[in-house]
>>> print(open('final_6.txt').read())   # compact mmCIF, C-alpha atoms (C1' of nucleotides)
# COMPACT_ATOMS: atom_id res chain seq x y z
CA MET A 1 9.62 -21.89 -30.88
CA LYS A 2 8.44 -25.18 -29.46
CA THR A 3 4.84 -26.20 -28.98
CA TYR A 4 3.60 -28.12 -25.98
CA GLN A 5 0.24 -29.70 -25.39
CA ILE A 6 -0.01 -30.23 -21.68
CA PRO A 7 -2.90 -32.15 -20.09
CA VAL A 8 -4.17 -30.13 -17.15
CA PRO A 9 -6.71 -31.70 -14.79
CA THR A 10 -7.68 -28.67 -12.69
CA PHE A 11 -6.65 -25.54 -14.47
CA ASP A 12 -8.22 -22.37 -15.82
CA LEU A 13 -5.86 -20.22 -17.88
CA ASP A 14 -8.21 -17.24 -18.11
CA HIS A 15 -8.74 -16.95 -14.37
CA THR A 16 -5.05 -17.55 -13.76
CA LEU A 17 -4.00 -14.67 -15.99
CA ARG A 18 -6.89 -12.31 -15.18
CA CYS A 19 -6.81 -12.49 -11.39
CA GLY A 20 -4.33 -9.66 -11.05
CA GLN A 21 -1.13 -11.47 -10.14
CA VAL A 22 0.74 -10.83 -13.41
CA PHE A 23 0.94 -7.63 -15.40
CA ARG A 24 2.37 -8.38 -18.82
CA TRP A 25 0.08 -10.99 -20.35
CA ARG A 26 -2.28 -9.75 -23.07
CA GLU A 27 -5.31 -11.48 -24.49
CA SER A 28 -5.53 -11.70 -28.28
CA LYS A 29 -7.88 -13.29 -30.77
CA ASP A 30 -5.96 -16.52 -30.48
CA GLY A 31 -5.19 -16.94 -26.80
CA TRP A 32 -2.79 -15.17 -24.46
CA ILE A 33 0.62 -13.70 -25.15
CA ASP A 34 3.52 -12.60 -22.98
CA ILE A 35 6.92 -11.61 -24.30
CA VAL A 36 8.25 -15.09 -24.93
CA ILE A 37 5.21 -17.27 -24.36
CA LYS A 38 1.94 -17.84 -26.12
CA ALA A 39 -0.71 -19.84 -24.33
CA LYS A 40 -4.25 -20.97 -24.82
CA GLN A 41 -6.45 -23.59 -23.30
CA GLU A 42 -8.69 -26.05 -25.09
CA GLY A 43 -10.65 -28.07 -22.59
CA ASP A 44 -8.25 -30.02 -20.42
CA VAL A 45 -5.24 -29.21 -22.58
CA LEU A 46 -2.92 -26.24 -22.19
CA ILE A 47 -1.25 -25.32 -25.46
CA VAL A 48 1.95 -23.35 -25.13
CA LYS A 49 4.33 -21.97 -27.74
CA SER A 50 7.64 -20.90 -26.29
CA ASN A 51 11.38 -21.31 -26.30
CA LEU A 52 11.19 -22.42 -22.70
CA ASP A 53 11.58 -26.05 -21.76
CA MET A 54 8.48 -27.98 -20.89
CA GLU A 55 9.47 -28.22 -17.24
CA ASP A 56 9.87 -24.45 -17.03
CA VAL A 57 6.38 -23.98 -18.41
CA MET A 58 5.02 -26.49 -15.89
CA SER A 59 6.88 -24.69 -13.15
CA TYR A 60 5.70 -21.25 -14.25
CA PHE A 61 2.04 -22.25 -14.14
CA ARG A 62 2.58 -24.30 -10.97
CA LEU A 63 0.94 -27.28 -12.63
CA SER A 64 2.32 -29.58 -9.96
CA ASP A 65 0.37 -27.87 -7.20
CA ASP A 66 -2.33 -30.24 -6.01
CA LEU A 67 -5.23 -27.83 -6.29
CA ASP A 68 -7.83 -30.22 -4.95
CA ASP A 69 -5.76 -30.77 -1.86
CA ILE A 70 -5.27 -27.02 -1.49
CA TYR A 71 -9.03 -26.50 -1.77
CA LYS A 72 -9.52 -28.99 1.05
CA HIS A 73 -7.26 -26.91 3.26
CA ILE A 74 -8.79 -23.51 2.56
CA SER A 75 -12.50 -24.35 2.16
CA LYS A 76 -13.42 -22.98 5.55
CA ASP A 77 -16.65 -21.11 4.91
CA GLU A 78 -19.24 -20.00 2.37
CA VAL A 79 -17.31 -16.97 1.16
CA MET A 80 -14.26 -19.02 0.36
CA ASN A 81 -16.34 -21.80 -1.19
CA GLU A 82 -18.09 -19.31 -3.44
CA ALA A 83 -14.76 -17.86 -4.57
CA ILE A 84 -13.44 -21.35 -5.30
CA ALA A 85 -16.61 -22.31 -7.15
CA ARG A 86 -16.29 -19.24 -9.33
CA TYR A 87 -12.60 -19.47 -10.11
CA ARG A 88 -11.94 -23.21 -9.91
CA GLY A 89 -8.70 -23.99 -11.69
CA MET A 90 -7.07 -20.65 -10.98
CA ARG A 91 -3.43 -21.20 -10.05
CA LEU A 92 -0.76 -19.00 -8.62
CA ILE A 93 2.07 -18.30 -11.05
CA ARG A 94 5.73 -18.73 -10.20
CA GLN A 95 7.19 -15.42 -11.30
CA GLU A 96 10.80 -14.36 -11.68
CA PRO A 97 11.72 -12.60 -8.40
CA TRP A 98 13.43 -9.49 -9.76
CA GLU A 99 10.58 -8.61 -12.10
CA CYS A 100 8.09 -9.52 -9.39
CA LEU A 101 9.70 -7.22 -6.85
CA ILE A 102 9.82 -4.23 -9.18
CA SER A 103 6.28 -4.93 -10.37
CA TYR A 104 4.86 -4.90 -6.86
CA LEU A 105 6.81 -1.78 -5.99
CA CYS A 106 4.97 -0.21 -8.90
CA SER A 107 1.73 -1.47 -7.37
CA ILE A 108 2.15 0.74 -4.29
CA ASN A 109 -0.82 3.10 -3.97
CA ASN A 110 -1.60 2.51 -7.62
CA ARG A 111 -4.16 0.95 -9.96
CA ILE A 112 -3.62 -2.10 -12.09
CA PRO A 113 -3.81 -0.40 -15.52
CA GLN A 114 -1.18 2.09 -14.41
CA ILE A 115 1.01 -0.62 -12.92
CA GLU A 116 0.88 -2.31 -16.31
CA ARG A 117 1.77 0.96 -18.00
CA MET A 118 4.79 1.51 -15.74
CA ILE A 119 6.11 -1.97 -16.43
CA GLN A 120 5.54 -1.46 -20.14
CA ASN A 121 7.40 1.85 -19.96
CA LEU A 122 10.31 0.32 -18.06
CA SER A 123 10.55 -2.43 -20.65
CA THR A 124 10.45 -0.25 -23.73
CA TYR A 125 12.89 2.32 -22.32
CA PHE A 126 15.33 -0.07 -20.65
CA GLY A 127 14.59 -3.58 -21.84
CA GLU A 128 15.89 -5.32 -24.93
CA GLU A 129 13.84 -5.71 -28.04
CA ILE A 130 13.13 -9.42 -28.37
CA CYS A 131 11.20 -9.12 -31.59
CA ASP A 132 9.50 -6.11 -33.10
CA GLY A 133 7.51 -4.31 -30.47
CA PHE A 134 8.21 -6.79 -27.70
CA TYR A 135 10.69 -5.78 -25.03
CA SER A 136 12.08 -7.84 -22.20
CA PHE A 137 11.84 -6.66 -18.63
CA PRO A 138 14.99 -4.61 -17.96
CA SER A 139 17.92 -6.16 -16.14
CA PRO A 140 19.02 -4.83 -12.73
CA GLU A 141 22.25 -3.65 -14.39
CA ARG A 142 20.44 -1.56 -16.94
CA LEU A 143 18.18 0.04 -14.33
CA ALA A 144 21.06 0.65 -11.92
CA GLU A 145 22.93 2.70 -14.49
CA ALA A 146 19.86 4.77 -15.37
CA THR A 147 19.57 8.28 -14.01
CA ARG A 148 16.70 9.52 -11.91
CA SER A 149 15.41 11.72 -14.72
CA GLU A 150 15.58 8.85 -17.21
CA LEU A 151 13.52 6.72 -14.88
CA GLU A 152 11.02 9.52 -14.39
CA LYS A 153 10.09 9.14 -18.04
CA CYS A 154 8.49 5.85 -17.06
CA LYS A 155 6.03 7.75 -14.84
CA LEU A 156 7.04 5.85 -11.74
CA GLY A 157 6.25 8.76 -9.44
CA PHE A 158 7.68 8.61 -5.94
CA ARG A 159 8.83 5.03 -6.55
CA VAL A 160 11.85 6.12 -8.62
CA ASP A 161 14.40 6.28 -5.80
CA TRP A 162 13.23 2.99 -4.32
CA ILE A 163 13.57 1.23 -7.67
CA LEU A 164 17.00 2.74 -8.30
CA GLY A 165 18.14 1.70 -4.85
CA ILE A 166 16.96 -1.86 -5.29
CA ALA A 167 18.57 -2.18 -8.72
CA LYS A 168 21.90 -1.07 -7.24
CA LYS A 169 21.61 -3.48 -4.33
CA VAL A 170 20.97 -6.37 -6.69
CA CYS A 171 23.90 -5.38 -8.91
CA ASP A 172 26.23 -5.08 -5.95
CA GLY A 173 25.28 -8.57 -4.84
CA GLU A 174 23.98 -7.05 -1.63
CA LEU A 175 20.57 -8.52 -2.41
CA ILE A 176 20.33 -11.98 -3.94
CA LEU A 177 16.65 -12.63 -4.36
CA ASN A 178 16.82 -16.30 -5.27
CA GLN A 179 18.76 -16.94 -2.10
CA LEU A 180 15.69 -15.99 -0.09
CA ARG A 181 14.05 -19.12 -1.41
CA ASN A 182 16.24 -21.09 0.98
CA LEU A 183 15.05 -19.21 4.03
CA ASP A 184 11.78 -19.84 5.82
CA TYR A 185 8.92 -17.40 5.40
CA GLN A 186 9.66 -15.24 8.44
CA ASN A 187 13.36 -14.83 7.78
CA ALA A 188 12.92 -14.20 4.08
CA LYS A 189 10.31 -11.56 4.88
CA GLU A 190 12.62 -9.85 7.35
CA MET A 191 15.32 -9.63 4.69
CA LEU A 192 12.93 -8.18 2.13
CA MET A 193 11.57 -5.61 4.57
CA LYS A 194 15.05 -4.20 5.14
CA ILE A 195 14.80 -2.86 1.60
CA ASP A 196 13.69 0.74 1.33
CA GLY A 197 10.22 0.78 -0.23
CA VAL A 198 9.33 -2.76 0.82
CA GLY A 199 6.78 -3.11 3.59
CA HIS A 200 4.59 -6.02 4.66
CA LYS A 201 2.43 -6.01 1.54
CA VAL A 202 5.13 -5.92 -1.13
CA ALA A 203 7.24 -8.41 0.81
CA ASP A 204 4.34 -10.84 1.03
CA CYS A 205 3.62 -10.46 -2.68
CA VAL A 206 7.21 -11.24 -3.63
CA LEU A 207 7.28 -14.19 -1.23
CA LEU A 208 4.02 -15.59 -2.53
CA TYR A 209 4.37 -14.95 -6.25
CA SER A 210 8.04 -15.61 -6.76
CA LEU A 211 9.65 -17.32 -3.77
CA ASP A 212 7.28 -20.22 -3.13
CA LYS A 213 6.06 -19.05 0.27
CA LEU A 214 2.45 -20.15 -0.07
CA GLU A 215 1.62 -19.12 3.49
CA ALA A 216 2.19 -15.45 2.64
CA PHE A 217 -1.08 -13.49 2.80
CA PRO A 218 -0.63 -10.03 1.26
CA VAL A 219 -3.05 -7.54 2.83
CA ASP A 220 -4.07 -4.74 0.50
CA VAL A 221 -7.13 -2.48 0.43
CA HIS A 222 -9.33 -5.11 -1.19
CA ILE A 223 -8.35 -7.95 1.13
CA ARG A 224 -8.67 -5.61 4.11
CA ARG A 225 -12.17 -4.55 3.05
CA LEU A 226 -13.33 -8.10 2.39
CA THR A 227 -11.81 -9.55 5.53
CA GLN A 228 -13.24 -6.91 7.84
CA ARG A 229 -16.66 -7.24 6.22
CA GLU A 230 -16.89 -11.02 5.99
CA TYR A 231 -14.81 -12.21 8.93
CA PHE A 232 -14.72 -9.39 11.49
CA GLN A 233 -18.33 -8.14 11.49
CA ASN A 234 -17.28 -4.86 9.87
CA GLN A 235 -14.86 -4.12 12.69
CA GLU A 236 -11.82 -2.12 11.75
CA VAL A 237 -8.86 -4.29 12.59
CA SER A 238 -5.17 -3.75 11.89
CA ASP A 239 -3.35 -5.45 9.05
CA GLU A 240 -1.26 -7.30 11.61
CA ILE A 241 -4.43 -8.80 13.10
CA ILE A 242 -5.58 -9.80 9.61
CA ARG A 243 -2.28 -11.48 8.77
CA GLU A 244 -2.27 -13.42 12.03
CA TRP A 245 -5.89 -14.41 11.58
CA ALA A 246 -5.25 -15.64 8.01
CA LYS A 247 -2.30 -17.71 9.15
CA GLY A 248 -4.35 -19.48 11.78
CA TYR A 249 -7.53 -19.74 9.71
CA PHE A 250 -6.24 -20.81 6.29
CA GLY A 251 -2.90 -22.29 7.32
CA ASP A 252 -0.06 -23.20 4.98
CA TYR A 253 -2.00 -22.30 1.82
CA ALA A 254 -3.21 -18.89 3.00
CA GLY A 255 -1.62 -17.37 -0.09
CA TYR A 256 -3.91 -19.35 -2.37
CA ALA A 257 -6.88 -18.27 -0.26
CA GLN A 258 -5.74 -14.68 -0.59
CA GLN A 259 -5.64 -14.84 -4.38
CA TYR A 260 -9.13 -16.29 -4.61
CA LEU A 261 -10.51 -13.71 -2.17
CA PHE A 262 -8.69 -10.88 -3.92
CA TYR A 263 -10.13 -11.76 -7.31
CA TYR A 264 -13.54 -12.38 -5.77
CA GLU A 265 -13.59 -9.02 -4.03
CA ARG A 266 -12.31 -7.09 -7.01
CA SER A 267 -14.80 -8.54 -9.45
CA ARG A 268 -17.88 -8.09 -7.32
CA GLY A 269 -18.27 -4.60 -8.73
CA GLY A 270 -21.67 -3.20 -7.96
CA LYS A 271 -22.97 -6.45 -6.48
CA ARG A 272 -23.73 -5.71 -2.84
C1' DA B 1 -12.33 19.55 -7.32
C1' DG B 2 -11.45 15.94 -4.50
C1' DC B 3 -10.93 11.14 -3.66
C1' DC B 4 -8.89 6.84 -4.52
C1' DA B 5 -5.64 3.26 -6.15
C1' DG B 6 -2.83 -4.48 -4.84
C1' DG B 7 1.45 1.11 0.39
C1' DT B 8 5.57 2.90 2.66
C1' DT B 9 7.90 6.05 5.39
C1' DG B 10 8.79 9.17 9.02
C1' DC B 11 6.79 11.63 12.48
C1' DG B 12 4.37 12.51 17.01
C1' DG B 13 1.81 10.40 20.67
C1' DC C 1 2.86 -0.02 19.41
C1' DC C 2 -0.67 3.28 17.31
C1' DG C 3 -2.57 6.79 13.93
C1' DC C 4 -1.53 10.28 10.42
C1' DA C 5 0.06 12.96 6.24
C1' DA C 6 2.87 13.13 2.28
C1' DC C 7 4.35 10.97 -1.67
C1' DA C 8 3.56 11.06 -8.09
C1' DT C 9 0.38 9.94 -11.30
C1' DG C 10 -3.97 9.49 -13.55
C1' DG C 11 -9.03 8.28 -13.83
C1' DC C 12 -13.53 9.25 -12.51
>>> encode(input="final_6.txt", output="structure tokens")
Amino acid sequence: MKTYQIPVPTFDLDHTLRCGQVFRWRESKDGWIDIVIKAKQEGDVLIVKSNLDMEDVMSYFRLSDDLDDIYKHISKDEVMNEAIARYRGMRLIRQEPWECLISYLCSINNRIPQIERMIQNLSTYFGEEICDGFYSFPSPERLAEATRSELEKCKLGFRVDWILGIAKKVCDGELILNQLRNLDYQNAKEMLMKIDGVGHKVADCVLLYSLDKLEAFPVDVHIRRLTQREYFQNQEVSDEIIREWAKGYFGDYAGYAQQYLFYYERSRGGKR
DNA sequence: AGCCAGGTTGCGG
DNA sequence: CCGCAACATGGC
């Protein structure tokens, strides 16, 4: 276990881990913990304990993203400015694509606590025990050799066959997720959407959260509700219209805008 | 009890 | 291209 103290100019660990993009981090008395990483923030310093190299930690938290420049690009209106003011320092996280894909398949027509439970179940049933009580996310190989009824124990619902199918594709080399990084956004999205169970939303999530496509703008119920209310005068417009609008309105960093708006919309509970 | 949740698919128009 | 229901699970 190595310890890093990383100076971070514009960064907020709490917002970054609470905004709904990752599903395995837990908050404890002394900071945050994932399977192999512990992290806490003291002022402008991020303190990390992990076996990872420093550069991997920097990469994971996207500490090289120029947030102030990104804010300049997406600060288009009062709604966006309010979201930025509230969550200043929130960064996207660069996730591992395989885990990201399965995680967002679990997100389909689901709630966050249950998504977290499914991922926890998958890990304890099919992952490897790293240290007592902590299990890694299962490998594609391990999931591909699982039976349907074994997977059903994880309470995945109708997602079981999709997940099995994807695991097999990855094992066969038919789907090489990291390769999609080399394609542009449109082409990578087309490839992802050939996968059974992957539509626009899941594809955009995987592209944004794990494949560095910052223009991806995942449209889910919350983003749809907020966008129609704040930008379309309560008109009902299709998701395709919303995606096209976001691309033109927010530009290359639409994905960052999406994350701020998503968190903003989800945490305005009760406030009309 | 019925509706909804970080949707997708397959169907009929 | 559009809208629509079904899909498994669980919380309110």
>>> residues_around(input="final_6.txt", residues="DG10 of chain C", least_positions_apart="2", cutoff="12 Å", atoms="all atoms listed in the file", output="list in words")
Asn109, Asn110, Arg111, Ile112, Pro113, Gln114, Ile115, Arg117, Lys155, Leu156 and Gly157 of chain A; DC4 and DA5 of chain B; DA8 and DC12 of chain C
>>> closest_residue(input="final_6.txt", among="A:Glu150, A:Met193, A:Ser238, A:Leu226", to="DC2 of chain C", atoms="all atoms listed in the file")
A:Ser238
>>> residues_around(input="final_6.txt", residues="DG6 of chain B", least_positions_apart="6", cutoff="10 Å", atoms="only C-alpha atoms (C1' of nucleotides)", output="VMD selection string")
chain A and resid 20 to 21 104 106 to 112 115 201 to 202 205 218 to 223 262
>>> closest_residue(input="final_6.txt", among="A:Ile6, A:Ile102, A:Ile74, A:Leu207", to="Met54 of chain A", atoms="only C-alpha atoms")
A:Ile6
>>> atom_distance(input="final_6.txt", atom1="atom CA of Leu192 of chain A", atom2="atom C1' of DT8 of chain B")
13.3 Å
>>> closest_residue(input="final_6.txt", among="A:Cys171, A:Leu92, A:Cys154, A:Ile241", to="Leu122 of chain A", atoms="all atoms listed in the file")
A:Cys154
>>> residues_around(input="final_6.txt", residues="Asp184 of chain A", least_positions_apart="4", cutoff="12 Å", atoms="all atoms listed in the file", output="list in words")
Gln179, Leu180, Ala188, Lys189, Glu190, Met191, Leu207, Leu211, Asp212, Lys213, Leu214, Glu215 and Ala216 of chain A
>>> residues_around(input="final_6.txt", residues="DC11 of chain B", least_positions_apart="5", cutoff="12 Å", atoms="only C-alpha atoms (C1' of nucleotides)", output="CSV table (one decimal) with C-alpha atoms (C1' of nucleotides), in the frame of the given file")
chain,number,residue,atom,x,y,z
C,3,DG,C1',-2.6,6.8,13.9
C,4,DC,C1',-1.5,10.3,10.4
C,5,DA,C1',0.1,13.0,6.2
C,6,DA,C1',2.9,13.1,2.3
